[in-house]
>>> print(open('coords_16.tsv').read())   # TSV, C-alpha atoms
chain	number	residue	atom	x	y	z
A	1	MET	CA	-16.24	-42.87	-10.52
A	2	ALA	CA	-13.74	-40.15	-11.43
A	3	GLU	CA	-12.64	-37.76	-8.70
A	4	ARG	CA	-14.35	-34.36	-8.94
A	5	LEU	CA	-12.02	-31.39	-9.11
A	6	THR	CA	-13.19	-28.58	-6.84
A	7	VAL	CA	-12.27	-25.02	-6.01
A	8	GLN	CA	-12.67	-23.61	-2.50
A	9	THR	CA	-15.14	-20.70	-2.56
A	10	VAL	CA	-16.45	-18.56	0.28
A	11	ARG	CA	-19.51	-20.85	0.38
A	12	GLY	CA	-17.48	-24.06	0.29
A	13	PRO	CA	-16.02	-26.33	-2.39
A	14	VAL	CA	-17.49	-26.00	-5.89
A	15	ALA	CA	-16.90	-28.35	-8.81
A	16	VAL	CA	-14.70	-26.77	-11.47
A	17	SER	CA	-17.41	-27.52	-14.03
A	18	GLU	CA	-19.84	-25.32	-12.04
A	19	LEU	CA	-17.67	-22.17	-11.90
A	20	GLY	CA	-18.83	-20.76	-15.23
A	21	ARG	CA	-16.96	-17.78	-16.64
A	22	VAL	CA	-14.35	-16.58	-14.16
A	23	LEU	CA	-12.92	-13.11	-13.58
A	24	PRO	CA	-9.46	-14.04	-12.24
A	25	HIS	CA	-8.54	-10.85	-10.34
A	26	GLU	CA	-11.18	-8.68	-8.70
A	27	HIS	CA	-11.72	-6.73	-5.49
A	28	VAL	CA	-15.21	-7.02	-4.06
A	29	ALA	CA	-14.37	-5.56	-0.64
A	30	CYS	CA	-11.03	-3.93	0.17
A	31	ASP	CA	-9.52	-0.91	1.88
A	32	LEU	CA	-6.44	0.85	0.48
A	33	PHE	CA	-6.95	3.96	2.65
A	34	ARG	CA	-4.01	3.25	4.95
A	35	VAL	CA	-1.59	3.89	2.09
A	36	ALA	CA	-3.61	5.42	-0.77
A	37	ARG	CA	-5.29	8.35	1.02
A	38	GLN	CA	-4.63	10.66	-1.93
A	39	MET	CA	-6.60	8.41	-4.30
A	40	GLY	CA	-10.01	9.65	-3.16
A	41	LEU	CA	-11.86	6.36	-3.65
A	42	ALA	CA	-9.55	4.09	-1.69
A	43	ALA	CA	-12.12	1.61	-0.42
A	44	LEU	CA	-14.72	-0.80	-1.71
A	45	ASN	CA	-16.94	-1.17	1.34
A	46	ASP	CA	-20.55	-1.21	0.15
A	47	PRO	CA	-21.88	-4.79	0.08
A	48	ASP	CA	-25.12	-3.72	-1.61
A	49	GLU	CA	-23.17	-2.14	-4.48
A	50	ALA	CA	-21.02	-5.27	-4.76
A	51	VAL	CA	-24.18	-7.41	-5.00
A	52	ARG	CA	-25.60	-5.15	-7.73
A	53	ASP	CA	-22.34	-5.33	-9.73
A	54	LEU	CA	-22.09	-9.10	-9.38
A	55	LYS	CA	-25.72	-9.58	-10.44
A	56	VAL	CA	-24.96	-7.65	-13.64
A	57	PHE	CA	-21.88	-9.85	-14.13
A	58	LYS	CA	-24.09	-12.93	-13.72
A	59	GLU	CA	-26.72	-11.58	-16.17
A	60	LEU	CA	-23.91	-11.18	-18.72
A	61	GLY	CA	-22.89	-14.83	-18.32
A	62	GLY	CA	-20.47	-14.67	-15.40
A	63	GLY	CA	-20.24	-17.33	-12.77
A	64	SER	CA	-17.26	-16.73	-10.49
A	65	VAL	CA	-14.74	-14.12	-9.38
A	66	VAL	CA	-11.37	-14.55	-7.71
A	67	GLU	CA	-11.30	-11.94	-4.94
A	68	ALA	CA	-7.63	-10.98	-4.62
A	69	THR	CA	-7.89	-8.91	-1.44
A	70	SER	CA	-5.25	-10.34	0.88
A	71	GLY	CA	-3.82	-9.38	4.28
A	72	GLY	CA	-3.51	-5.67	4.97
A	73	LEU	CA	-6.14	-4.78	2.37
A	74	GLY	CA	-9.16	-5.17	4.61
A	75	ARG	CA	-10.25	-8.66	3.62
A	76	LYS	CA	-13.77	-9.37	4.93
A	77	PRO	CA	-14.61	-13.09	4.70
A	78	GLY	CA	-18.10	-12.84	6.19
A	79	VAL	CA	-19.03	-9.98	3.88
A	80	LEU	CA	-17.72	-11.92	0.88
A	81	ARG	CA	-19.83	-14.95	1.80
A	82	SER	CA	-22.94	-12.79	2.20
A	83	VAL	CA	-22.33	-10.98	-1.11
A	84	SER	CA	-21.75	-14.31	-2.86
A	85	GLU	CA	-25.01	-15.74	-1.51
A	86	ARG	CA	-27.05	-12.62	-2.34
A	87	ALA	CA	-25.65	-12.27	-5.88
A	88	ASP	CA	-25.55	-16.02	-6.51
A	89	VAL	CA	-22.00	-15.72	-7.87
A	90	HIS	CA	-19.10	-17.86	-6.65
A	91	ILE	CA	-16.31	-15.92	-4.94
A	92	VAL	CA	-12.86	-17.43	-4.42
A	93	MET	CA	-11.19	-15.54	-1.56
A	94	GLY	CA	-7.46	-14.85	-1.49
A	95	CYS	CA	-5.00	-15.08	1.39
A	96	GLY	CA	-1.46	-13.94	2.10
A	97	TRP	CA	-0.11	-10.41	2.12
A	98	TYR	CA	-0.07	-7.81	-0.66
A	99	ARG	CA	2.95	-5.44	-0.57
A	100	GLU	CA	5.10	-4.10	2.26
A	101	PRO	CA	3.25	-0.77	2.81
A	102	TYR	CA	0.10	-2.78	3.55
A	103	TYR	CA	1.67	-5.33	5.91
A	104	GLU	CA	0.66	-5.64	9.54
A	105	ASP	CA	3.01	-3.99	12.03
A	106	ASP	CA	4.74	-7.22	13.13
A	107	MET	CA	5.69	-8.49	9.66
A	108	ASN	CA	9.34	-7.40	9.85
A	109	LYS	CA	9.75	-9.59	12.93
A	110	VAL	CA	8.29	-12.77	11.43
A	111	SER	CA	10.26	-15.61	9.84
A	112	THR	CA	9.41	-17.33	6.58
A	113	ALA	CA	8.43	-20.43	8.58
A	114	GLU	CA	6.00	-18.44	10.75
A	115	LEU	CA	4.49	-16.78	7.66
A	116	THR	CA	4.06	-20.21	6.09
A	117	ASP	CA	2.34	-21.43	9.26
A	118	ARG	CA	0.00	-18.42	9.21
A	119	LEU	CA	-0.92	-19.13	5.59
A	120	LEU	CA	-1.57	-22.81	6.27
A	121	ILE	CA	-3.78	-22.00	9.25
A	122	ASP	CA	-5.77	-19.58	7.12
A	123	ILE	CA	-6.06	-22.07	4.25
A	124	PHE	CA	-7.18	-24.99	6.44
A	125	GLU	CA	-9.15	-23.18	9.16
A	126	GLY	CA	-10.20	-19.93	7.50
A	127	GLU	CA	-11.67	-16.88	9.15
A	128	ASP	CA	-15.31	-16.40	10.17
A	129	GLY	CA	-15.98	-19.90	8.82
A	130	VAL	CA	-14.70	-18.91	5.36
A	131	ARG	CA	-11.64	-20.52	3.79
A	132	PRO	CA	-9.51	-18.99	1.02
A	133	GLY	CA	-9.18	-20.77	-2.31
A	134	VAL	CA	-6.12	-18.99	-3.67
A	135	ILE	CA	-2.89	-17.50	-2.34
A	136	GLY	CA	-2.64	-13.90	-3.42
A	137	GLU	CA	-2.53	-11.06	-4.18
A	138	ILE	CA	1.20	-11.10	-3.38
A	139	GLY	CA	3.66	-8.52	-4.70
A	140	ALA	CA	6.60	-6.18	-4.28
A	141	ASP	CA	6.29	-2.44	-3.75
A	142	ARG	CA	9.23	-1.12	-5.78
A	143	GLU	CA	11.64	-2.19	-8.49
A	144	TRP	CA	13.29	-4.41	-5.89
A	145	VAL	CA	12.02	-6.96	-3.40
A	146	SER	CA	12.52	-6.03	0.26
A	147	GLY	CA	13.58	-8.62	2.83
A	148	VAL	CA	10.10	-8.97	4.30
A	149	GLU	CA	8.54	-9.18	0.83
A	150	GLU	CA	10.98	-11.97	-0.02
A	151	ARG	CA	9.88	-13.89	3.09
A	152	VAL	CA	6.22	-13.42	2.10
A	153	LEU	CA	6.94	-14.62	-1.45
A	154	ARG	CA	8.82	-17.67	-0.14
A	155	ALA	CA	5.99	-18.49	2.29
A	156	ALA	CA	3.43	-18.17	-0.50
A	157	ALA	CA	5.51	-20.45	-2.73
>>> encode(input="coords_16.tsv", output="C-alpha coordinates")
Amino acid sequence: MAERLTVQTVRGPVAVSELGRVLPHEHVACDLFRVARQMGLAALNDPDEAVRDLKVFKELGGGSVVEATSGGLGRKPGVLRSVSERADVHIVMGCGWYREPYYEDDMNKVSTAELTDRLLIDIFEGEDGVRPGVIGEIGADREWVSGVEERVLRAAA
(Lines of atoms letter the chains of each structure in order from A and count residues from 1; the text may use other names and numbers.)
(Lines give C-alpha, C1' and ligand atoms only; values in the text may rest on other atoms or scores of the structure.)
Protein backbone atom coordinates (compact mmCIF):
# COMPACT_ATOMS: atom_id res chain seq x y z
CA MET A 1 0.00 0.00 0.00
CA ALA A 2 1.39 3.40 -0.99
CA GLU A 3 2.03 5.93 1.75
CA ARG A 4 -0.66 8.62 1.95
CA LEU A 5 0.59 12.18 1.73
CA THR A 6 -1.09 14.39 4.31
CA VAL A 7 -1.23 18.04 5.29
CA GLN A 8 -1.59 19.13 8.91
CA THR A 9 -4.82 21.11 9.33
CA VAL A 10 -6.36 22.63 12.46
CA ARG A 11 -8.52 19.49 12.73
CA GLY A 12 -5.62 17.09 12.19
CA PRO A 13 -3.88 15.49 9.21
CA VAL A 14 -5.83 15.44 5.92
CA ALA A 15 -4.92 13.50 2.80
CA VAL A 16 -3.69 15.78 0.03
CA SER A 17 -6.33 14.29 -2.25
CA GLU A 18 -9.05 15.54 0.14
CA LEU A 19 -7.97 19.21 0.26
CA GLY A 20 -9.93 20.29 -2.80
CA ARG A 21 -9.28 23.75 -4.21
CA VAL A 22 -6.88 25.63 -1.95
CA LEU A 23 -6.53 29.35 -1.29
CA PRO A 24 -2.81 29.54 -0.43
CA HIS A 25 -2.69 32.79 1.58
CA GLU A 26 -5.64 33.95 3.66
CA HIS A 27 -6.33 35.53 7.04
CA VAL A 28 -9.35 34.10 8.83
CA ALA A 29 -8.57 35.65 12.23
CA CYS A 30 -5.82 38.22 12.77
CA ASP A 31 -5.12 41.51 14.50
CA LEU A 32 -2.95 44.20 12.90
CA PHE A 33 -4.11 46.91 15.32
CA ARG A 34 -0.82 47.10 17.22
CA VAL A 35 0.88 48.57 14.16
CA ALA A 36 -1.87 49.47 11.67
CA ARG A 37 -4.13 51.66 13.84
CA GLN A 38 -4.61 54.15 11.00
CA MET A 39 -6.07 51.47 8.72
CA GLY A 40 -9.52 51.52 10.32
CA LEU A 41 -10.30 47.83 9.80
CA ALA A 42 -7.17 46.35 11.32
CA ALA A 43 -8.65 43.15 12.71
CA LEU A 44 -10.51 40.08 11.55
CA ASN A 45 -12.09 38.93 14.79
CA ASP A 46 -15.63 37.78 14.03
CA PRO A 47 -15.77 33.96 13.85
CA ASP A 48 -19.38 34.01 12.61
CA GLU A 49 -18.41 36.22 9.67
CA ALA A 50 -15.46 33.94 8.92
CA VAL A 51 -17.79 30.92 8.89
CA ARG A 52 -20.19 32.69 6.50
CA ASP A 53 -17.33 33.62 4.14
CA LEU A 54 -15.87 30.12 4.19
CA LYS A 55 -19.27 28.54 3.52
CA VAL A 56 -19.57 30.71 0.40
CA PHE A 57 -16.05 29.62 -0.59
CA LYS A 58 -17.12 25.99 -0.15
CA GLU A 59 -20.33 26.51 -2.19
CA LEU A 60 -18.15 27.86 -5.01
CA GLY A 61 -16.00 24.71 -4.99
CA GLY A 62 -13.39 25.54 -2.35
CA GLY A 63 -12.01 23.01 0.04
CA SER A 64 -9.09 24.45 2.00
CA VAL A 65 -7.39 27.68 3.00
CA VAL A 66 -3.87 28.30 4.24
CA GLU A 67 -4.24 30.71 7.17
CA ALA A 68 -1.05 32.77 7.13
CA THR A 69 -1.53 34.56 10.47
CA SER A 70 1.71 33.96 12.36
CA GLY A 71 3.19 35.22 15.63
CA GLY A 72 2.42 38.81 16.55
CA LEU A 73 -0.67 38.90 14.33
CA GLY A 74 -3.10 37.50 16.87
CA ARG A 75 -3.17 33.87 15.76
CA LYS A 76 -6.09 32.05 17.41
CA PRO A 77 -5.75 28.26 17.02
CA GLY A 78 -8.92 27.35 18.90
CA VAL A 79 -10.99 29.83 16.92
CA LEU A 80 -9.54 28.51 13.66
CA ARG A 81 -10.47 24.93 14.60
CA SER A 82 -14.01 25.98 15.50
CA VAL A 83 -14.43 27.99 12.29
CA SER A 84 -13.08 25.07 10.24
CA GLU A 85 -15.53 22.64 11.85
CA ARG A 86 -18.52 24.98 11.48
CA ALA A 87 -17.78 25.87 7.84
CA ASP A 88 -16.59 22.36 6.93
CA VAL A 89 -13.53 23.82 5.21
CA HIS A 90 -9.97 22.68 5.93
CA ILE A 91 -7.72 25.35 7.45
CA VAL A 92 -3.94 24.99 7.46
CA MET A 93 -2.58 27.22 10.25
CA GLY A 94 0.72 29.06 9.95
CA CYS A 95 3.48 29.54 12.50
CA GLY A 96 6.55 31.71 12.89
CA TRP A 97 6.72 35.49 13.00
CA TYR A 98 5.59 38.06 10.43
CA ARG A 99 7.71 41.26 10.34
CA GLU A 100 9.68 43.12 13.00
CA PRO A 101 6.99 45.67 13.99
CA TYR A 102 4.74 42.74 14.94
CA TYR A 103 7.32 40.74 16.91
CA GLU A 104 6.93 40.02 20.61
CA ASP A 105 8.96 42.25 22.93
CA ASP A 106 11.74 39.70 23.60
CA MET A 107 12.57 38.91 19.96
CA ASN A 108 15.70 41.10 19.81
CA LYS A 109 17.16 39.05 22.66
CA VAL A 110 16.58 35.62 21.11
CA SER A 111 19.12 33.61 19.11
CA THR A 112 18.42 31.81 15.86
CA ALA A 113 18.73 28.50 17.72
CA GLU A 114 16.10 29.55 20.29
CA LEU A 115 13.76 30.74 17.52
CA THR A 116 14.22 27.40 15.77
CA ASP A 117 13.39 25.60 19.02
CA ARG A 118 10.25 27.70 19.45
CA LEU A 119 9.13 26.86 15.91
CA LEU A 120 9.75 23.15 16.40
CA ILE A 121 7.81 23.11 19.67
CA ASP A 122 4.90 24.85 17.95
CA ILE A 123 5.03 22.48 14.96
CA PHE A 124 5.17 19.29 17.05
CA GLU A 125 3.10 20.30 20.10
CA GLY A 126 0.89 23.09 18.80
CA GLU A 127 -1.23 25.46 20.82
CA ASP A 128 -4.67 24.73 22.28
CA GLY A 129 -4.39 21.24 20.76
CA VAL A 130 -3.94 22.70 17.26
CA ARG A 131 -0.76 22.19 15.25
CA PRO A 132 0.40 24.41 12.37
CA GLY A 133 0.83 22.93 8.91
CA VAL A 134 2.99 25.63 7.34
CA ILE A 135 5.74 28.03 8.39
CA GLY A 136 4.71 31.56 7.55
CA GLU A 137 3.83 34.30 6.99
CA ILE A 138 7.46 35.43 7.36
CA GLY A 139 8.81 38.69 5.95
CA ALA A 140 10.89 41.83 6.20
CA ASP A 141 9.51 45.26 7.03
CA ARG A 142 11.61 47.51 4.78
CA GLU A 143 13.85 47.34 1.74
CA TRP A 144 16.43 45.69 3.98
CA VAL A 145 16.36 42.78 6.41
CA SER A 146 17.01 43.71 10.04
CA GLY A 147 19.15 41.51 12.28
CA VAL A 148 16.18 40.03 14.11
CA GLU A 149 14.32 39.44 10.83
CA GLU A 150 17.38 37.60 9.52
CA ARG A 151 17.34 35.33 12.59
CA VAL A 152 13.62 34.65 12.06
CA LEU A 153 14.21 33.85 8.37
CA ARG A 154 17.10 31.51 9.24
CA ALA A 155 15.01 29.77 11.91
CA ALA A 156 12.13 29.34 9.45
CA ALA A 157 14.51 27.91 6.84
>>> atom_distance(input="coords_16.tsv", atom1="CA of Cys95 in chain A", atom2="CA of Asn45 in chain A")
18.3 Å
>>> residues_around(input="coords_16.tsv", residues="Asp122 in chain A", least_positions_apart="2", cutoff="9 Å", atoms="only C-alpha atoms", output="number ranges by chain")
A: 95-96, 117-120, 124-127, 131-132
>>> residues_near_point(input="coords_16.tsv", point="(11.4, -7.4, 1.6)", cutoff="12 Å", atoms="all atoms listed in the file", output="list of chain:residue names")
A:Trp97, A:Tyr98, A:Arg99, A:Glu100, A:Pro101, A:Tyr103, A:Met107, A:Asn108, A:Lys109, A:Val110, A:Ser111, A:Thr112, A:Ile138, A:Gly139, A:Ala140, A:Asp141, A:Arg142, A:Glu143, A:Trp144, A:Val145, A:Ser146, A:Gly147, A:Val148, A:Glu149, A:Glu150, A:Arg151, A:Val152, A:Leu153, A:Arg154
>>> closest_residue(input="coords_16.tsv", among="A:Thr116, A:Ser84, A:Ser70, A:Gln8", to="Leu32 in chain A", atoms="all atoms listed in the file")
A:Ser70
>>> atom_distance(input="coords_16.tsv", atom1="CA of Ala156 in chain A", atom2="CA of Ala68 in chain A")
13.8 Å
>>> closest_residue(input="coords_16.tsv", among="A:Ser82, A:Gly12, A:Thr6, A:Glu137", to="Val51 in chain A", atoms="all atoms listed in the file")
A:Ser82
>>> atom_distance(input="coords_16.tsv", atom1="CA of Glu26 in chain A", atom2="CA of Pro13 in chain A")
19.4 Å
